[in-house]
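Q: The file below is data.tsv, TSV, C-alpha atoms:
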chain	number	residue	atom	x	y	z
P	1	GLN	CA	4.25	-0.43	19.68
P	2	VAL	CA	2.62	-0.77	16.29
P	3	GLN	CA	4.79	0.26	13.37
P	4	LEU	CA	4.22	0.25	9.62
P	5	VAL	CA	7.32	1.09	7.58
P	6	GLU	CA	7.09	1.54	3.82
P	7	SER	CA	9.99	1.16	1.40
P	8	GLY	CA	10.61	0.81	-2.34
P	9	GLY	CA	9.38	4.13	-3.66
P	10	GLY	CA	11.22	6.46	-5.99
P	11	LEU	CA	11.30	7.97	-9.46
P	12	VAL	CA	10.29	5.83	-12.44
P	13	GLN	CA	9.52	6.54	-16.08
P	14	PRO	CA	6.02	6.07	-17.47
P	15	GLY	CA	5.44	2.42	-18.27
P	16	GLY	CA	7.89	1.31	-15.61
P	17	SER	CA	7.44	-0.75	-12.47
P	18	LEU	CA	8.03	-0.44	-8.74
P	19	ARG	CA	7.36	-2.72	-5.79
P	20	LEU	CA	6.44	-1.16	-2.48
P	21	SER	CA	6.89	-3.03	0.78
P	22	CYS	CA	5.34	-2.37	4.18
P	23	ALA	CA	6.98	-4.06	7.15
P	24	ALA	CA	4.60	-4.37	10.10
P	25	SER	CA	5.39	-4.93	13.75
P	26	GLY	CA	3.77	-4.71	17.16
P	27	PHE	CA	0.55	-6.53	16.36
P	28	ALA	CA	-0.71	-9.91	15.10
P	29	PHE	CA	-0.22	-9.09	11.43
P	30	ARG	CA	-1.62	-12.39	10.17
P	31	ASN	CA	-5.01	-11.65	11.73
P	32	TYR	CA	-5.74	-8.38	9.92
P	33	PRO	CA	-6.56	-7.20	6.42
P	34	MET	CA	-4.05	-4.70	5.08
P	35	ASN	CA	-4.44	-1.75	2.75
P	36	TRP	CA	-2.51	0.61	0.54
P	37	TYR	CA	-3.68	4.21	0.13
P	38	ARG	CA	-2.22	7.08	-1.85
P	39	GLN	CA	-2.48	10.84	-1.82
P	40	ALA	CA	-1.57	13.01	-4.77
P	41	PRO	CA	-0.82	16.73	-4.39
P	42	GLY	CA	-4.03	18.68	-3.93
P	43	LYS	CA	-6.18	15.55	-3.77
P	44	GLU	CA	-7.79	13.50	-1.04
P	45	ARG	CA	-6.23	10.28	0.16
P	46	GLU	CA	-7.70	7.33	-1.75
P	47	LEU	CA	-7.82	3.59	-1.21
P	48	VAL	CA	-5.67	1.77	-3.77
P	49	ALA	CA	-5.79	-1.88	-2.74
P	50	THR	CA	-6.93	-4.19	0.05
P	51	ILE	CA	-5.95	-7.75	0.96
P	52	THR	CA	-7.61	-10.06	3.46
P	53	SER	CA	-5.72	-11.54	6.41
P	54	THR	CA	-4.98	-14.79	4.60
P	55	GLY	CA	-4.31	-13.15	1.27
P	56	GLY	CA	-7.16	-15.08	-0.28
P	57	SER	CA	-9.05	-12.04	-1.51
P	58	THR	CA	-8.01	-8.67	-2.89
P	59	ASN	CA	-9.73	-5.52	-4.09
P	60	TYR	CA	-8.49	-2.60	-6.17
P	61	ALA	CA	-9.45	0.90	-7.13
P	62	ASP	CA	-10.70	1.01	-10.70
P	63	SER	CA	-7.82	3.28	-11.64
P	64	VAL	CA	-5.20	0.59	-10.86
P	65	LYS	CA	-7.00	-2.65	-11.74
P	66	GLY	CA	-4.93	-4.83	-14.03
P	67	ARG	CA	-1.76	-2.86	-13.29
P	68	PHE	CA	-1.23	-3.15	-9.51
P	69	THR	CA	-1.09	-6.30	-7.39
P	70	ILE	CA	-1.29	-6.42	-3.61
P	71	SER	CA	0.17	-9.43	-1.79
P	72	ARG	CA	1.39	-10.37	1.66
P	73	ASP	CA	3.83	-12.67	3.39
P	74	ASN	CA	2.52	-13.43	6.87
P	75	ALA	CA	5.78	-15.16	7.82
P	76	LYS	CA	7.60	-11.88	7.20
P	77	ASN	CA	4.86	-9.55	8.49
P	78	THR	CA	5.05	-7.70	5.20
P	79	VAL	CA	2.54	-6.49	2.63
P	80	TYR	CA	3.56	-5.58	-0.91
P	81	LEU	CA	2.24	-3.49	-3.77
P	82	GLN	CA	3.57	-4.42	-7.18
P	83	MET	CA	2.95	-1.52	-9.55
P	84	ASN	CA	3.32	-2.09	-13.30
P	85	SER	CA	2.61	0.07	-16.34
P	86	LEU	CA	2.95	3.15	-14.17
P	87	LYS	CA	1.41	6.41	-15.35
P	88	PRO	CA	2.15	10.02	-14.39
P	89	GLU	CA	-1.21	10.11	-12.60
P	90	ASP	CA	0.06	7.39	-10.23
P	91	THR	CA	2.42	9.98	-8.76
P	92	ALA	CA	1.55	10.25	-5.06
P	93	VAL	CA	2.64	9.48	-1.55
P	94	TYR	CA	1.70	5.86	-0.85
P	95	TYR	CA	0.67	4.76	2.64
P	96	CYS	CA	0.30	1.41	4.31
P	97	TYR	CA	-2.78	1.22	6.58
P	98	ALA	CA	-4.07	-1.19	9.19
P	99	LYS	CA	-7.39	-0.97	11.01
P	100	LEU	CA	-6.92	-2.75	14.30
P	101	VAL	CA	-9.43	-3.35	17.09
P	102	THR	CA	-8.17	-0.45	19.17
P	103	ARG	CA	-7.38	2.14	16.47
P	104	ASP	CA	-6.16	2.78	12.96
P	105	TYR	CA	-2.49	2.90	12.04
P	106	TRP	CA	-0.73	4.55	9.11
P	107	GLY	CA	2.80	4.22	7.84
P	108	GLN	CA	4.90	7.34	7.32
P	109	GLY	CA	4.27	7.28	3.58
P	110	ILE	CA	6.63	6.91	0.65
P	111	GLN	CA	6.89	9.02	-2.49
P	112	VAL	CA	6.31	7.50	-5.91
P	113	THR	CA	6.98	9.80	-8.85
P	114	VAL	CA	6.23	8.76	-12.42
P	115	SER	CA	7.88	11.12	-14.87
P	116	SER	CA	10.05	11.15	-17.95
Please, can you express the file's structure as structure tokens?
A:
Amino acid sequence: QVQLVESGGGLVQPGGSLRLSCAASGFAFRNYPMNWYRQAPGKERELVATITSTGGSTNYADSVKGRFTISRDNAKNTVYLQMNSLKPEDTAVYYCYAKLVTRDYWGQGIQVTVSS
């Protein structure tokens, strides 16, 4: 079955960095774009970053442009989110998301907290 498993979250001080990973299984990972979303307390889930199947093109929310980088390793079936210059407003649960032919899939989510 399809699984998306996030890792790498945690507590970091403002200005710090974290790298999230999402390990995918159960589908042809290399054929699909991948996405990172986040949801802060009391707010709607928002799209953070998208990467095409080959990794040749990426898109970012305006709020993270220049600070976050999405990448993927199709040999490892893994998508990454490198987060630099983190701000308290980046605090949220981060989700990996894949839209497949049959349905959408979400990871379980991982907490990122930016606080001093």
Q: Measure the distance from atom CA of P:Pro33 to atom CA of P:Thr50 in Å and round it to one decimal.
A: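 Going from atom CA of P:Pro33 over to atom CA of P:Thr50 covers 7.1 Å.
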Q: Find, counting only C-alpha atoms, the residue in P:Cys96, P:Asn35, P:Ser116, P:Ile70 that gets nearest to P:Asn84.
A: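 Counting only C-alpha atoms, the residue closest to P:Asn84 is P:Ile70.
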Q: Would you list the contacts of P:Val48 as a ChimeraX atom specification, taking every protein, DNA or RNA residue within 9 Å and counting all atoms listed in the file, but skipping same-chain residues closer than 3 positions in sequence?
A: /P:35-38,59-64,68,94
Q: Between P:Gln39, P:Pro88, P:Gly15, P:Ser53, which residue has the minimum interatomic distance to P:Ile110, considering all atoms listed in the file?
A: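 Under the stated criterion, the closest residue is P:Gln39.
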Q: Give me, as a compact mmCIF listing (two decimals) with C-alpha atoms, in the frame of the given file, all polymer residues having an atom no more than 7 Å from P:Gly9, counting all atoms listed in the file and skipping those fewer than 2 positions away in the same chain.
A:
# COMPACT_ATOMS: atom_id res chain seq x y z
CA SER P 7 9.99 1.16 1.40
CA LEU P 18 8.03 -0.44 -8.74
CA LEU P 20 6.44 -1.16 -2.48
CA ILE P 110 6.63 6.91 0.65
CA GLN P 111 6.89 9.02 -2.49
CA VAL P 112 6.31 7.50 -5.91
Q: Using all atoms listed in the file, find the one residue out of P:Ser115, P:Asn31, P:Thr102, P:Thr78 that sits nearest to P:Leu11.
A: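 Residue with the minimum atom-to-atom distance to P:Leu11: P:Ser115.
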Q: Quote the spacing between atom CA of P:Ala98 and atom CA of P:Gly16 in Å to one decimal place.
A: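 If I compute the distance from atom CA of P:Ala98 to atom CA of P:Gly16, I get 27.6 Å.
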Q: Counting all atoms listed in the file, which residues come within 8 Å of (-3.2, -9.9, -2.9), with the point read in the file's coordinates, and could you list them as a PyMOL selection string?
A: chain P and resi 50-52+55-59+69-72
Q: Considering only C-alpha atoms, can you say which of P:Thr113, P:Ser21, P:Gln108, P:Thr91 comes closest to P:Val79?
A: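 Using only C-alpha atoms, P:Val79 sits closest to P:Ser21.
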Q: Mind listing as a list in words all residues within 8 Å of (-1.2, 14.0, -7.2), counting only C-alpha atoms?
A: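 Every residue inside that radius is included here: Gln39, Ala40, Pro41, Gly42, Lys43, Glu89, Asp90, Thr91 and Ala92 of chain P.
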Q: With only C-alpha atoms as the counted atoms, please give the residues lying no more than 12 Å from P:Asn77, apart from itself and same-chain residues fewer than 5 positions off, as a ChimeraX atom specification.
A: /P:2-5,21-34,53-54,71-72
Q: In Å, rounded to a single decimal, give me how far atom CA of P:Gly66 is from atom CA of P:Trp106.
A: 25.3 Å
Q: Could I get stretch 79-114 of chain P rebuilt with N, CA and C atoms, written as a short mmCIF file (atom, residue, chain, number, x, y, z; two decimals), in the frame of the given file?
A:
data_model
loop_
_atom_site.label_atom_id
_atom_site.label_comp_id
_atom_site.auth_asym_id
_atom_site.auth_seq_id
_atom_site.Cartn_x
_atom_site.Cartn_y
_atom_site.Cartn_z
N VAL P 79 3.49 -6.59 3.73
CA VAL P 79 2.54 -6.49 2.63
C VAL P 79 3.23 -5.73 1.50
N TYR P 80 2.90 -6.12 0.27
CA TYR P 80 3.56 -5.58 -0.91
C TYR P 80 2.54 -4.94 -1.84
N LEU P 81 3.03 -4.03 -2.67
CA LEU P 81 2.24 -3.49 -3.77
C LEU P 81 3.12 -3.46 -5.00
N GLN P 82 2.85 -4.39 -5.91
CA GLN P 82 3.57 -4.42 -7.18
C GLN P 82 2.84 -3.50 -8.14
N MET P 83 3.55 -2.52 -8.67
CA MET P 83 2.95 -1.52 -9.55
C MET P 83 3.61 -1.61 -10.92
N ASN P 84 2.83 -1.97 -11.92
CA ASN P 84 3.32 -2.09 -13.30
C ASN P 84 2.62 -1.07 -14.19
N SER P 85 3.19 -0.85 -15.36
CA SER P 85 2.61 0.07 -16.34
C SER P 85 2.26 1.41 -15.67
N LEU P 86 3.20 1.93 -14.94
CA LEU P 86 2.95 3.15 -14.17
C LEU P 86 2.70 4.34 -15.09
N LYS P 87 1.80 5.22 -14.62
CA LYS P 87 1.41 6.41 -15.35
C LYS P 87 1.74 7.64 -14.52
N PRO P 88 1.90 8.80 -15.16
CA PRO P 88 2.15 10.02 -14.39
C PRO P 88 1.08 10.27 -13.32
N GLU P 89 -0.15 9.88 -13.58
CA GLU P 89 -1.21 10.11 -12.60
C GLU P 89 -1.12 9.17 -11.39
N ASP P 90 -0.20 8.23 -11.42
CA ASP P 90 0.06 7.39 -10.23
C ASP P 90 0.99 8.10 -9.25
N THR P 91 1.54 9.23 -9.64
CA THR P 91 2.42 9.98 -8.76
C THR P 91 1.67 10.39 -7.49
N ALA P 92 2.22 10.00 -6.35
CA ALA P 92 1.55 10.25 -5.06
C ALA P 92 2.46 9.77 -3.94
N VAL P 93 2.07 10.11 -2.72
CA VAL P 93 2.64 9.48 -1.55
C VAL P 93 1.77 8.27 -1.23
N TYR P 94 2.41 7.12 -1.10
CA TYR P 94 1.70 5.86 -0.85
C TYR P 94 1.85 5.49 0.63
N TYR P 95 0.72 5.07 1.21
CA TYR P 95 0.67 4.76 2.64
C TYR P 95 0.16 3.34 2.86
N CYS P 96 0.77 2.69 3.80
CA CYS P 96 0.30 1.41 4.31
C CYS P 96 -0.66 1.72 5.47
N TYR P 97 -1.76 0.93 5.58
CA TYR P 97 -2.78 1.22 6.58
C TYR P 97 -3.32 -0.07 7.17
N ALA P 98 -3.47 -0.06 8.49
CA ALA P 98 -4.07 -1.19 9.19
C ALA P 98 -5.14 -0.70 10.15
N LYS P 99 -6.31 -1.30 10.07
CA LYS P 99 -7.39 -0.97 11.01
C LYS P 99 -7.45 -2.07 12.05
N LEU P 100 -6.94 -1.76 13.23
CA LEU P 100 -6.92 -2.75 14.30
C LEU P 100 -8.13 -2.56 15.21
N VAL P 101 -8.29 -3.43 16.19
CA VAL P 101 -9.43 -3.35 17.09
C VAL P 101 -9.44 -2.03 17.85
N THR P 102 -8.26 -1.62 18.31
CA THR P 102 -8.17 -0.45 19.17
C THR P 102 -8.17 0.87 18.40
N ARG P 103 -7.49 0.92 17.26
CA ARG P 103 -7.38 2.14 16.47
C ARG P 103 -6.80 1.83 15.10
N ASP P 104 -6.75 2.89 14.29
CA ASP P 104 -6.16 2.78 12.96
C ASP P 104 -4.69 3.18 13.01
N TYR P 105 -3.91 2.55 12.13
CA TYR P 105 -2.49 2.90 12.04
C TYR P 105 -2.10 3.17 10.59
N TRP P 106 -1.25 4.18 10.41
CA TRP P 106 -0.73 4.55 9.11
C TRP P 106 0.79 4.47 9.13
N GLY P 107 1.37 4.07 8.00
CA GLY P 107 2.80 4.22 7.84
C GLY P 107 3.14 5.68 7.61
N GLN P 108 4.45 5.95 7.48
CA GLN P 108 4.90 7.34 7.32
C GLN P 108 4.69 7.84 5.89
N GLY P 109 4.45 6.92 4.98
CA GLY P 109 4.27 7.28 3.58
C GLY P 109 5.57 7.25 2.81
N ILE P 110 5.45 6.94 1.51
CA ILE P 110 6.63 6.91 0.65
C ILE P 110 6.25 7.50 -0.70
N GLN P 111 7.16 8.32 -1.24
CA GLN P 111 6.89 9.02 -2.49
C GLN P 111 7.13 8.11 -3.69
N VAL P 112 6.16 8.12 -4.59
CA VAL P 112 6.31 7.50 -5.91
C VAL P 112 6.08 8.60 -6.94
N THR P 113 7.08 8.78 -7.81
CA THR P 113 6.98 9.80 -8.85
C THR P 113 7.16 9.13 -10.20
N VAL P 114 6.18 9.33 -11.07
CA VAL P 114 6.23 8.76 -12.42
C VAL P 114 6.40 9.91 -13.39
#
